[in-house]
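For reference, query_3.pdb (PDB, C-alpha atoms):
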ATOM      1  CA  MET A 107      -0.870 -11.354  10.042
ATOM      2  CA  VAL A 108       0.369 -10.345   6.628
ATOM      3  CA  LEU A 109      -0.561  -7.441   4.373
ATOM      4  CA  GLU A 110      -1.053  -8.158   0.686
ATOM      5  CA  VAL A 111      -0.337  -5.060  -1.420
ATOM      6  CA  ALA A 112      -1.515  -5.130  -5.022
ATOM      7  CA  ASP A 113      -0.419  -2.343  -7.397
ATOM      8  CA  ILE A 114      -3.092  -2.354 -10.083
ATOM      9  CA  HIS A 115      -3.113  -0.421 -13.354
ATOM     10  CA  VAL A 116      -6.429  -0.406 -15.226
ATOM     11  CA  THR A 117      -7.835   0.664 -18.552
ATOM     12  CA  ASP A 118     -11.176   1.967 -17.221
ATOM     13  CA  ARG A 119     -11.443   3.473 -13.730
ATOM     14  CA  ASP A 120     -15.221   3.371 -13.347
ATOM     15  CA  GLY A 121     -15.534  -0.064 -14.906
ATOM     16  CA  PHE A 122     -12.891  -1.444 -12.574
ATOM     17  CA  ILE A 123     -14.552   0.060  -9.502
ATOM     18  CA  ALA A 124     -17.901  -1.433 -10.469
ATOM     19  CA  ALA A 125     -16.335  -4.830 -11.098
ATOM     20  CA  TYR A 126     -14.487  -4.660  -7.783
ATOM     21  CA  ARG A 127     -17.705  -3.838  -5.908
ATOM     22  CA  SER A 128     -19.487  -6.739  -7.586
ATOM     23  CA  ALA A 129     -16.813  -9.235  -6.563
ATOM     24  CA  VAL A 130     -15.196  -8.021  -3.332
ATOM     25  CA  GLU A 131     -17.392 -10.156  -1.100
ATOM     26  CA  VAL A 132     -15.724 -13.289  -2.477
ATOM     27  CA  VAL A 133     -12.459 -12.007  -0.971
ATOM     28  CA  ARG A 134     -13.877 -10.533   2.206
ATOM     29  CA  SER A 135     -15.717 -13.744   3.073
ATOM     30  CA  CYS A 136     -12.672 -15.961   2.467
ATOM     31  CA  PRO A 137     -11.392 -17.804   5.567
ATOM     32  CA  GLY A 138      -8.228 -16.103   6.734
ATOM     33  CA  CYS A 139      -9.093 -12.739   5.202
ATOM     34  CA  ARG A 140      -9.233 -10.030   7.873
ATOM     35  CA  SER A 141      -9.853  -6.884   5.870
ATOM     36  CA  VAL A 142     -10.009  -5.521   2.337
ATOM     37  CA  ARG A 143      -9.285  -1.922   1.389
ATOM     38  CA  MET A 144      -9.347  -0.648  -2.206
ATOM     39  CA  THR A 145      -7.885   2.781  -2.882
ATOM     40  CA  ALA A 146      -7.917   4.768  -6.132
ATOM     41  CA  GLY A 147      -5.074   6.923  -7.415
ATOM     42  CA  VAL A 148      -5.059  10.696  -7.165
ATOM     43  CA  GLU A 149      -2.036  11.468  -9.375
ATOM     44  CA  ASP A 150      -2.851   8.509 -11.654
ATOM     45  CA  PRO A 151      -6.600   7.891 -11.959
ATOM     46  CA  LEU A 152      -5.901   4.538 -13.610
ATOM     47  CA  ARG A 153      -3.830   3.234 -10.708
ATOM     48  CA  PHE A 154      -5.229   1.476  -7.643
ATOM     49  CA  THR A 155      -3.624   0.162  -4.482
ATOM     50  CA  LEU A 156      -5.438  -2.814  -2.955
ATOM     51  CA  LEU A 157      -4.595  -3.677   0.639
ATOM     52  CA  ILE A 158      -5.743  -7.034   2.032
ATOM     53  CA  GLU A 159      -4.892  -8.355   5.474
ATOM     54  CA  TRP A 160      -4.579 -12.136   5.765
ATOM     55  CA  ASP A 161      -3.859 -14.385   8.727
ATOM     56  CA  SER A 162      -0.751 -15.517   6.790
ATOM     57  CA  VAL A 163       0.666 -15.869   3.279
ATOM     58  CA  GLU A 164      -0.483 -19.498   3.405
ATOM     59  CA  ALA A 165      -4.058 -18.456   4.210
ATOM     60  CA  HIS A 166      -4.024 -16.211   1.136
ATOM     61  CA  GLU A 167      -2.525 -18.880  -1.107
ATOM     62  CA  ASP A 168      -4.380 -21.952   0.123
ATOM     63  CA  ASN A 169      -7.794 -20.479   0.914
ATOM     64  CA  PHE A 170      -7.993 -18.019  -1.947
ATOM     65  CA  ARG A 171      -5.391 -18.229  -4.707
ATOM     66  CA  ALA A 172      -5.738 -21.996  -5.139
ATOM     67  CA  THR A 173      -9.548 -21.973  -5.176
ATOM     68  CA  GLU A 174     -12.555 -20.988  -7.245
ATOM     69  CA  ARG A 175     -12.858 -17.793  -5.222
ATOM     70  CA  TYR A 176      -9.797 -16.549  -7.105
ATOM     71  CA  SER A 177     -11.217 -17.536 -10.494
ATOM     72  CA  THR A 178     -14.421 -15.652  -9.727
ATOM     73  CA  TRP A 179     -12.491 -12.593  -8.535
ATOM     74  CA  ARG A 180     -10.173 -12.513 -11.543
ATOM     75  CA  ALA A 181     -13.037 -13.054 -13.985
ATOM     76  CA  ALA A 182     -14.687  -9.913 -12.627
ATOM     77  CA  ILE A 183     -11.728  -7.516 -12.405
ATOM     78  CA  GLY A 184      -9.236  -9.056 -14.838
ATOM     79  CA  PRO A 185     -10.808  -7.538 -17.971
ATOM     80  CA  TYR A 186      -9.892  -4.084 -16.631
ATOM     81  CA  PHE A 187      -6.190  -4.727 -16.110
ATOM     82  CA  ALA A 188      -3.816  -2.675 -18.272
ATOM     83  CA  GLN A 189      -1.031  -5.080 -17.214
ATOM     84  CA  PRO A 190      -0.629  -7.883 -14.665
ATOM     85  CA  PRO A 191      -0.806  -6.408 -11.138
ATOM     86  CA  LEU A 192       2.266  -6.473  -8.918
ATOM     87  CA  VAL A 193       1.229  -8.378  -5.800
ATOM     88  CA  GLU A 194       3.504  -8.940  -2.808
ATOM     89  CA  HIS A 195       3.162  -9.453   0.926
ATOM     90  CA  PHE A 196       4.414  -7.322   3.797
ATOM     91  CA  THR A 197       4.625  -7.516   7.576
ATOM     92  CA  ASP A 198       4.355  -4.670  10.055
ATOM     93  CA  VAL A 199       7.460  -2.904  11.353
ATOM     94  CA  ASP A 200       6.932  -2.149  15.066
TER      95      ASP A 200
ATOM     96  CA  MET B 215      -8.607  11.865   4.043
ATOM     97  CA  VAL B 216      -5.948  10.633   1.660
ATOM     98  CA  LEU B 217      -3.606   7.655   1.807
ATOM     99  CA  GLU B 218       0.016   8.197   0.845
ATOM    100  CA  VAL B 219       1.594   4.989  -0.457
ATOM    101  CA  ALA B 220       5.381   4.915  -0.723
ATOM    102  CA  ASP B 221       7.078   1.984  -2.493
ATOM    103  CA  ILE B 222      10.577   1.971  -1.029
ATOM    104  CA  HIS B 223      13.559  -0.123  -2.139
ATOM    105  CA  VAL B 224      16.535  -0.121   0.236
ATOM    106  CA  THR B 225      20.120  -1.304   0.326
ATOM    107  CA  ASP B 226      20.083  -2.411   3.984
ATOM    108  CA  ARG B 227      16.904  -3.747   5.627
ATOM    109  CA  ASP B 228      17.976  -3.510   9.257
ATOM    110  CA  GLY B 229      19.663  -0.147   8.800
ATOM    111  CA  PHE B 230      16.548   1.257   7.162
ATOM    112  CA  ILE B 231      14.277  -0.040   9.912
ATOM    113  CA  ALA B 232      16.478   1.511  12.592
ATOM    114  CA  ALA B 233      16.592   4.819  10.740
ATOM    115  CA  TYR B 234      12.816   4.738  10.288
ATOM    116  CA  ARG B 235      12.264   4.121  13.992
ATOM    117  CA  SER B 236      14.572   6.999  14.888
ATOM    118  CA  ALA B 237      12.700   9.446  12.663
ATOM    119  CA  VAL B 238       9.060   8.337  12.444
ATOM    120  CA  GLU B 239       7.889  10.648  15.203
ATOM    121  CA  VAL B 240       8.652  13.661  13.004
ATOM    122  CA  VAL B 241       5.985  12.349  10.599
ATOM    123  CA  ARG B 242       3.521  11.075  13.172
ATOM    124  CA  SER B 243       3.500  14.377  15.061
ATOM    125  CA  CYS B 244       2.982  16.456  11.920
ATOM    126  CA  PRO B 245      -0.298  18.423  11.801
ATOM    127  CA  GLY B 246      -2.632  16.665   9.383
ATOM    128  CA  CYS B 247      -0.985  13.251   9.763
ATOM    129  CA  ARG B 248      -3.492  10.683  11.027
ATOM    130  CA  SER B 249      -1.503   7.464  10.999
ATOM    131  CA  VAL B 250       1.788   5.945   9.886
ATOM    132  CA  ARG B 251       2.278   2.269   9.035
ATOM    133  CA  MET B 252       5.592   0.831   7.797
ATOM    134  CA  THR B 253       5.549  -2.672   6.352
ATOM    135  CA  ALA B 254       8.502  -4.809   5.264
ATOM    136  CA  GLY B 255       8.549  -7.104   2.242
ATOM    137  CA  VAL B 256       8.194 -10.865   2.497
ATOM    138  CA  GLU B 257       9.082 -11.839  -1.090
ATOM    139  CA  ASP B 258      11.579  -8.969  -1.343
ATOM    140  CA  PRO B 259      13.295  -8.249   1.999
ATOM    141  CA  LEU B 260      14.686  -4.994   0.579
ATOM    142  CA  ARG B 261      11.256  -3.623  -0.309
ATOM    143  CA  PHE B 262       9.003  -1.680   2.050
ATOM    144  CA  THR B 263       5.506  -0.260   1.686
ATOM    145  CA  LEU B 264       4.867   2.830   3.789
ATOM    146  CA  LEU B 265       1.247   3.842   4.319
ATOM    147  CA  ILE B 266       0.508   7.302   5.744
ATOM    148  CA  GLU B 267      -2.966   8.766   6.181
ATOM    149  CA  TRP B 268      -3.219  12.536   5.837
ATOM    150  CA  ASP B 269      -6.179  14.913   6.173
ATOM    151  CA  SER B 270      -5.510  15.837   2.513
ATOM    152  CA  VAL B 271      -2.773  15.982  -0.147
ATOM    153  CA  GLU B 272      -2.347  19.651   0.803
ATOM    154  CA  ALA B 273      -1.778  18.761   4.453
ATOM    155  CA  HIS B 274       0.976  16.368   3.379
ATOM    156  CA  GLU B 275       2.572  18.875   1.032
ATOM    157  CA  ASP B 276       2.227  22.068   3.072
ATOM    158  CA  ASN B 277       2.732  20.746   6.607
ATOM    159  CA  PHE B 278       5.377  18.159   5.819
ATOM    160  CA  ARG B 279       6.964  18.153   2.369
ATOM    161  CA  ALA B 280       7.607  21.907   2.356
ATOM    162  CA  THR B 281       9.099  21.999   5.860
ATOM    163  CA  GLU B 282      12.110  21.005   7.915
ATOM    164  CA  ARG B 283      10.258  17.921   9.100
ATOM    165  CA  TYR B 284      10.791  16.492   5.635
ATOM    166  CA  SER B 285      14.498  17.356   5.631
ATOM    167  CA  THR B 286      14.937  15.625   8.977
ATOM    168  CA  TRP B 287      13.019  12.572   7.783
ATOM    169  CA  ARG B 288      14.919  12.258   4.510
ATOM    170  CA  ALA B 289      18.281  12.781   6.223
ATOM    171  CA  ALA B 290      17.541   9.760   8.403
ATOM    172  CA  ILE B 291      16.140   7.288   5.858
ATOM    173  CA  GLY B 292      17.515   8.623   2.564
ATOM    174  CA  PRO B 293      20.942   6.999   2.921
ATOM    175  CA  TYR B 294      19.256   3.598   2.723
ATOM    176  CA  PHE B 295      17.392   4.146  -0.540
ATOM    177  CA  ALA B 296      18.435   1.924  -3.459
ATOM    178  CA  GLN B 297      16.479   4.278  -5.750
ATOM    179  CA  PRO B 298      14.055   7.200  -5.295
ATOM    180  CA  PRO B 299      10.815   5.886  -3.746
ATOM    181  CA  LEU B 300       7.601   5.953  -5.759
ATOM    182  CA  VAL B 301       5.167   8.031  -3.703
ATOM    183  CA  GLU B 302       1.566   8.672  -4.727
ATOM    184  CA  HIS B 303      -1.755   9.376  -3.032
ATOM    185  CA  PHE B 304      -4.952   7.340  -3.016
ATOM    186  CA  THR B 305      -8.524   7.717  -1.793
ATOM    187  CA  ASP B 306     -10.796   4.992  -0.484
ATOM    188  CA  VAL B 307     -13.239   3.208  -2.785
ATOM    189  CA  ASP B 308     -16.501   2.666  -0.875
TER     190      ASP B 308
END
Could the structure of this file be written out as structure tokens, please?
Amino acid sequence: MVLEVADIHVTDRDGFIAAYRSAVEVVRSCPGCRSVRMTAGVEDPLRFTLLIEWDSVEAHEDNFRATERYSTWRAAIGPYFAQPPLVEHFTDVD
Amino acid sequence: MVLEVADIHVTDRDGFIAAYRSAVEVVRSCPGCRSVRMTAGVEDPLRFTLLIEWDSVEAHEDNFRATERYSTWRAAIGPYFAQPPLVEHFTDVD
């Protein structure tokens, strides 16, 4: 299991949330995706941290990033990006 | 409930993990702390994402940040920081 952490900066908080809600199912339903959690910034209302658990980095890349699911997802939320998100993977300590 | 997200860059991965393990209980046992999850970077082995759920930002600040628990915690893990961590709070969307 791997945790994808996306640090997202947007131009429009409400617009981004609506776009996320309209498109999240395309991530959640992706083979290899275990959970999706979107969180919105307190100190910075235009910052979001997206946490997605995948079976593996390969599951994320092969089943999602390389497919039309990703195009659909990015078409929905991409217009709200203030800059390209920083997206990396992490594994649990302990 | 609020999620604290700490983006931590270290100088020594194994040293940091050991220090974290030695000190995590001081966070976990803090009133208002619901869960602690440390994750280690895949793309960047010297990067960690720490996720801590608190009852509220106030619980984090009053019960932890303003107390000796924080001093103990920072004394253990601080020596491994490559730079000051970025720490902000987030709330769940949905």
Go through B:Val256, B:Met215, B:Ala233, B:Ala220 and flag the residue nearest chain A, using all atoms listed in the file for the distances.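 Going through B:Val256, B:Met215, B:Ala233, B:Ala220 one by one, the smallest distance to chain A is for B:Val256.
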Compute the set of chain A residues within 7 Å of chain B, using only C-alpha atoms, and express it as a PyMOL selection string. chain A and resi 144-149+194-199
As a PDB file with C-alpha atoms, in the coordinates of the input, please: chain A after a least-squares superposition onto chain B using all C-alpha atoms matched in order.
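And here's result.pdb as it stands now:
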ATOM      1  CA  MET A 107      -8.608  11.841   4.036  1.00  0.00           C
ATOM      2  CA  VAL A 108      -5.946  10.631   1.656  1.00  0.00           C
ATOM      3  CA  LEU A 109      -3.601   7.654   1.809  1.00  0.00           C
ATOM      4  CA  GLU A 110       0.021   8.210   0.848  1.00  0.00           C
ATOM      5  CA  VAL A 111       1.601   4.994  -0.457  1.00  0.00           C
ATOM      6  CA  ALA A 112       5.382   4.930  -0.720  1.00  0.00           C
ATOM      7  CA  ASP A 113       7.079   2.000  -2.493  1.00  0.00           C
ATOM      8  CA  ILE A 114      10.572   1.968  -1.026  1.00  0.00           C
ATOM      9  CA  HIS A 115      13.546  -0.116  -2.142  1.00  0.00           C
ATOM     10  CA  VAL A 116      16.528  -0.115   0.227  1.00  0.00           C
ATOM     11  CA  THR A 117      20.102  -1.296   0.332  1.00  0.00           C
ATOM     12  CA  ASP A 118      20.086  -2.427   3.987  1.00  0.00           C
ATOM     13  CA  ARG A 119      16.907  -3.756   5.614  1.00  0.00           C
ATOM     14  CA  ASP A 120      17.978  -3.516   9.251  1.00  0.00           C
ATOM     15  CA  GLY A 121      19.650  -0.151   8.793  1.00  0.00           C
ATOM     16  CA  PHE A 122      16.540   1.254   7.155  1.00  0.00           C
ATOM     17  CA  ILE A 123      14.273  -0.049   9.916  1.00  0.00           C
ATOM     18  CA  ALA A 124      16.477   1.503  12.583  1.00  0.00           C
ATOM     19  CA  ALA A 125      16.579   4.814  10.736  1.00  0.00           C
ATOM     20  CA  TYR A 126      12.808   4.743  10.276  1.00  0.00           C
ATOM     21  CA  ARG A 127      12.258   4.115  13.998  1.00  0.00           C
ATOM     22  CA  SER A 128      14.576   6.988  14.881  1.00  0.00           C
ATOM     23  CA  ALA A 129      12.702   9.443  12.670  1.00  0.00           C
ATOM     24  CA  VAL A 130       9.062   8.333  12.442  1.00  0.00           C
ATOM     25  CA  GLU A 131       7.892  10.641  15.211  1.00  0.00           C
ATOM     26  CA  VAL A 132       8.639  13.650  13.002  1.00  0.00           C
ATOM     27  CA  VAL A 133       5.974  12.338  10.605  1.00  0.00           C
ATOM     28  CA  ARG A 134       3.519  11.063  13.179  1.00  0.00           C
ATOM     29  CA  SER A 135       3.512  14.368  15.055  1.00  0.00           C
ATOM     30  CA  CYS A 136       2.998  16.456  11.903  1.00  0.00           C
ATOM     31  CA  PRO A 137      -0.295  18.403  11.793  1.00  0.00           C
ATOM     32  CA  GLY A 138      -2.622  16.659   9.382  1.00  0.00           C
ATOM     33  CA  CYS A 139      -0.985  13.255   9.768  1.00  0.00           C
ATOM     34  CA  ARG A 140      -3.493  10.682  11.028  1.00  0.00           C
ATOM     35  CA  SER A 141      -1.506   7.466  11.000  1.00  0.00           C
ATOM     36  CA  VAL A 142       1.780   5.942   9.884  1.00  0.00           C
ATOM     37  CA  ARG A 143       2.270   2.281   9.029  1.00  0.00           C
ATOM     38  CA  MET A 144       5.580   0.840   7.799  1.00  0.00           C
ATOM     39  CA  THR A 145       5.546  -2.663   6.355  1.00  0.00           C
ATOM     40  CA  ALA A 146       8.503  -4.800   5.260  1.00  0.00           C
ATOM     41  CA  GLY A 147       8.551  -7.103   2.249  1.00  0.00           C
ATOM     42  CA  VAL A 148       8.193 -10.859   2.508  1.00  0.00           C
ATOM     43  CA  GLU A 149       9.075 -11.831  -1.083  1.00  0.00           C
ATOM     44  CA  ASP A 150      11.587  -8.959  -1.323  1.00  0.00           C
ATOM     45  CA  PRO A 151      13.301  -8.237   2.004  1.00  0.00           C
ATOM     46  CA  LEU A 152      14.674  -4.991   0.579  1.00  0.00           C
ATOM     47  CA  ARG A 153      11.249  -3.617  -0.312  1.00  0.00           C
ATOM     48  CA  PHE A 154       8.995  -1.671   2.049  1.00  0.00           C
ATOM     49  CA  THR A 155       5.506  -0.260   1.686  1.00  0.00           C
ATOM     50  CA  LEU A 156       4.871   2.842   3.796  1.00  0.00           C
ATOM     51  CA  LEU A 157       1.254   3.847   4.323  1.00  0.00           C
ATOM     52  CA  ILE A 158       0.505   7.302   5.749  1.00  0.00           C
ATOM     53  CA  GLU A 159      -2.960   8.757   6.189  1.00  0.00           C
ATOM     54  CA  TRP A 160      -3.226  12.536   5.829  1.00  0.00           C
ATOM     55  CA  ASP A 161      -6.167  14.899   6.166  1.00  0.00           C
ATOM     56  CA  SER A 162      -5.508  15.838   2.508  1.00  0.00           C
ATOM     57  CA  VAL A 163      -2.780  15.977  -0.137  1.00  0.00           C
ATOM     58  CA  GLU A 164      -2.347  19.643   0.802  1.00  0.00           C
ATOM     59  CA  ALA A 165      -1.780  18.755   4.463  1.00  0.00           C
ATOM     60  CA  HIS A 166       0.981  16.366   3.386  1.00  0.00           C
ATOM     61  CA  GLU A 167       2.579  18.876   1.030  1.00  0.00           C
ATOM     62  CA  ASP A 168       2.238  22.061   3.063  1.00  0.00           C
ATOM     63  CA  ASN A 169       2.744  20.737   6.590  1.00  0.00           C
ATOM     64  CA  PHE A 170       5.388  18.151   5.819  1.00  0.00           C
ATOM     65  CA  ARG A 171       6.971  18.147   2.365  1.00  0.00           C
ATOM     66  CA  ALA A 172       7.622  21.898   2.345  1.00  0.00           C
ATOM     67  CA  THR A 173       9.091  21.995   5.860  1.00  0.00           C
ATOM     68  CA  GLU A 174      12.107  21.009   7.915  1.00  0.00           C
ATOM     69  CA  ARG A 175      10.245  17.925   9.106  1.00  0.00           C
ATOM     70  CA  TYR A 176      10.796  16.496   5.625  1.00  0.00           C
ATOM     71  CA  SER A 177      14.500  17.365   5.622  1.00  0.00           C
ATOM     72  CA  THR A 178      14.936  15.623   8.965  1.00  0.00           C
ATOM     73  CA  TRP A 179      13.008  12.564   7.770  1.00  0.00           C
ATOM     74  CA  ARG A 180      14.917  12.267   4.500  1.00  0.00           C
ATOM     75  CA  ALA A 181      18.274  12.782   6.210  1.00  0.00           C
ATOM     76  CA  ALA A 182      17.537   9.764   8.396  1.00  0.00           C
ATOM     77  CA  ILE A 183      16.140   7.287   5.854  1.00  0.00           C
ATOM     78  CA  GLY A 184      17.504   8.629   2.561  1.00  0.00           C
ATOM     79  CA  PRO A 185      20.947   7.015   2.914  1.00  0.00           C
ATOM     80  CA  TYR A 186      19.251   3.601   2.732  1.00  0.00           C
ATOM     81  CA  PHE A 187      17.395   4.149  -0.531  1.00  0.00           C
ATOM     82  CA  ALA A 188      18.437   1.922  -3.442  1.00  0.00           C
ATOM     83  CA  GLN A 189      16.486   4.285  -5.738  1.00  0.00           C
ATOM     84  CA  PRO A 190      14.064   7.192  -5.287  1.00  0.00           C
ATOM     85  CA  PRO A 191      10.818   5.893  -3.731  1.00  0.00           C
ATOM     86  CA  LEU A 192       7.608   5.965  -5.746  1.00  0.00           C
ATOM     87  CA  VAL A 193       5.173   8.049  -3.707  1.00  0.00           C
ATOM     88  CA  GLU A 194       1.564   8.680  -4.718  1.00  0.00           C
ATOM     89  CA  HIS A 195      -1.747   9.380  -3.025  1.00  0.00           C
ATOM     90  CA  PHE A 196      -4.945   7.350  -3.007  1.00  0.00           C
ATOM     91  CA  THR A 197      -8.517   7.716  -1.794  1.00  0.00           C
ATOM     92  CA  ASP A 198     -10.802   5.002  -0.480  1.00  0.00           C
ATOM     93  CA  VAL A 199     -13.230   3.201  -2.784  1.00  0.00           C
ATOM     94  CA  ASP A 200     -16.493   2.641  -0.867  1.00  0.00           C
TER      95      ASP A 200
END
On this structure, which residues satisfy the PyMOL selection byres ((chain A and resi 131) around 12), written as a ChimeraX atom specification? /A:125-130,132-137,139,141-143,175-176,178-179,182
Could you write out that same residue set with C-alpha atoms as a JSON list (two decimals), keeping the file's coordinate frame?
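So the final result, stored in selection-v1.json, reads:
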[["chain", "number", "residue", "atom", "x", "y", "z"],
["A", 125, "ALA", "CA", -16.34, -4.83, -11.10],
["A", 126, "TYR", "CA", -14.49, -4.66, -7.78],
["A", 127, "ARG", "CA", -17.70, -3.84, -5.91],
["A", 128, "SER", "CA", -19.49, -6.74, -7.59],
["A", 129, "ALA", "CA", -16.81, -9.24, -6.56],
["A", 130, "VAL", "CA", -15.20, -8.02, -3.33],
["A", 132, "VAL", "CA", -15.72, -13.29, -2.48],
["A", 133, "VAL", "CA", -12.46, -12.01, -0.97],
["A", 134, "ARG", "CA", -13.88, -10.53, 2.21],
["A", 135, "SER", "CA", -15.72, -13.74, 3.07],
["A", 136, "CYS", "CA", -12.67, -15.96, 2.47],
["A", 137, "PRO", "CA", -11.39, -17.80, 5.57],
["A", 139, "CYS", "CA", -9.09, -12.74, 5.20],
["A", 141, "SER", "CA", -9.85, -6.88, 5.87],
["A", 142, "VAL", "CA", -10.01, -5.52, 2.34],
["A", 143, "ARG", "CA", -9.28, -1.92, 1.39],
["A", 175, "ARG", "CA", -12.86, -17.79, -5.22],
["A", 176, "TYR", "CA", -9.80, -16.55, -7.10],
["A", 178, "THR", "CA", -14.42, -15.65, -9.73],
["A", 179, "TRP", "CA", -12.49, -12.59, -8.54],
["A", 182, "ALA", "CA", -14.69, -9.91, -12.63]]
What is the distance between atom CA of Leu157 of chain A and atom CA of Leu265 of chain B, in Å to one decimal? 10.2 Å
Translate the PyMOL selection byres ((chain A and resi 190) around 12), as applied to the file shown, into an explicit residue set as a PyMOL selection string. chain A and resi 112-117+180+183-189+191-193
d(atom CA of Ala289 of chain B, atom CA of Asn277 of chain B) in Å: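 The value is 17.5 Å.
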Point-to-point distance in Å for atom CA of Gly229 of chain B and atom CA of Arg248 of chain B: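 Going from atom CA of Arg248 of chain B over to atom CA of Gly229 of chain B, I get 25.7 Å.
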Specify the axis-aligned box that encloses all atoms of segment 271-283 of chain B listed in the file after padding of 3 Å on each side, stating its centre and edge lengths in Å to one decimal as lines of an AutoDock Vina configuration file.
center_x = 4.7
center_y = 19.0
center_z = 4.5
size_x = 20.9
size_y = 12.1
size_z = 15.2
How would segment 286-301 of chain B look with N, CA and C atoms restored, written as a PDB file, in the frame of the given file?
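What landed in result.pdb:
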ATOM      1  N   THR B 286      14.502  16.494   7.882  1.00  0.00           N
ATOM      2  CA  THR B 286      14.937  15.625   8.977  1.00  0.00           C
ATOM      3  C   THR B 286      14.657  14.165   8.637  1.00  0.00           C
ATOM      4  N   TRP B 287      13.465  13.921   8.159  1.00  0.00           N
ATOM      5  CA  TRP B 287      13.019  12.572   7.783  1.00  0.00           C
ATOM      6  C   TRP B 287      13.908  11.988   6.685  1.00  0.00           C
ATOM      7  N   ARG B 288      14.119  12.750   5.626  1.00  0.00           N
ATOM      8  CA  ARG B 288      14.919  12.258   4.510  1.00  0.00           C
ATOM      9  C   ARG B 288      16.395  12.080   4.884  1.00  0.00           C
ATOM     10  N   ALA B 289      16.884  12.922   5.791  1.00  0.00           N
ATOM     11  CA  ALA B 289      18.281  12.781   6.223  1.00  0.00           C
ATOM     12  C   ALA B 289      18.487  11.444   6.934  1.00  0.00           C
ATOM     13  N   ALA B 290      17.439  11.015   7.650  1.00  0.00           N
ATOM     14  CA  ALA B 290      17.541   9.760   8.403  1.00  0.00           C
ATOM     15  C   ALA B 290      17.430   8.537   7.495  1.00  0.00           C
ATOM     16  N   ILE B 291      16.412   8.506   6.632  1.00  0.00           N
ATOM     17  CA  ILE B 291      16.140   7.288   5.858  1.00  0.00           C
ATOM     18  C   ILE B 291      16.739   7.307   4.452  1.00  0.00           C
ATOM     19  N   GLY B 292      17.009   8.506   3.933  1.00  0.00           N
ATOM     20  CA  GLY B 292      17.515   8.623   2.564  1.00  0.00           C
ATOM     21  C   GLY B 292      18.754   7.814   2.254  1.00  0.00           C
ATOM     22  N   PRO B 293      19.714   7.761   3.180  1.00  0.00           N
ATOM     23  CA  PRO B 293      20.942   6.999   2.921  1.00  0.00           C
ATOM     24  C   PRO B 293      20.712   5.521   2.611  1.00  0.00           C
ATOM     25  N   TYR B 294      19.530   5.019   2.938  1.00  0.00           N
ATOM     26  CA  TYR B 294      19.256   3.598   2.723  1.00  0.00           C
ATOM     27  C   TYR B 294      18.489   3.317   1.432  1.00  0.00           C
ATOM     28  N   PHE B 295      18.138   4.346   0.703  1.00  0.00           N
ATOM     29  CA  PHE B 295      17.392   4.146  -0.540  1.00  0.00           C
ATOM     30  C   PHE B 295      18.277   3.531  -1.622  1.00  0.00           C
ATOM     31  N   ALA B 296      17.765   2.497  -2.294  1.00  0.00           N
ATOM     32  CA  ALA B 296      18.435   1.924  -3.459  1.00  0.00           C
ATOM     33  C   ALA B 296      18.095   2.750  -4.697  1.00  0.00           C
ATOM     34  N   GLN B 297      16.966   3.450  -4.640  1.00  0.00           N
ATOM     35  CA  GLN B 297      16.479   4.278  -5.750  1.00  0.00           C
ATOM     36  C   GLN B 297      15.462   5.241  -5.156  1.00  0.00           C
ATOM     37  N   PRO B 298      15.077   6.307  -5.843  1.00  0.00           N
ATOM     38  CA  PRO B 298      14.055   7.200  -5.295  1.00  0.00           C
ATOM     39  C   PRO B 298      12.743   6.438  -5.117  1.00  0.00           C
ATOM     40  N   PRO B 299      12.082   6.581  -3.945  1.00  0.00           N
ATOM     41  CA  PRO B 299      10.815   5.886  -3.746  1.00  0.00           C
ATOM     42  C   PRO B 299       9.737   6.405  -4.693  1.00  0.00           C
ATOM     43  N   LEU B 300       8.799   5.534  -5.029  1.00  0.00           N
ATOM     44  CA  LEU B 300       7.601   5.953  -5.759  1.00  0.00           C
ATOM     45  C   LEU B 300       6.561   6.315  -4.709  1.00  0.00           C
ATOM     46  N   VAL B 301       6.109   7.558  -4.708  1.00  0.00           N
ATOM     47  CA  VAL B 301       5.167   8.031  -3.703  1.00  0.00           C
ATOM     48  C   VAL B 301       3.967   8.653  -4.398  1.00  0.00           C
TER      49      VAL B 301
END
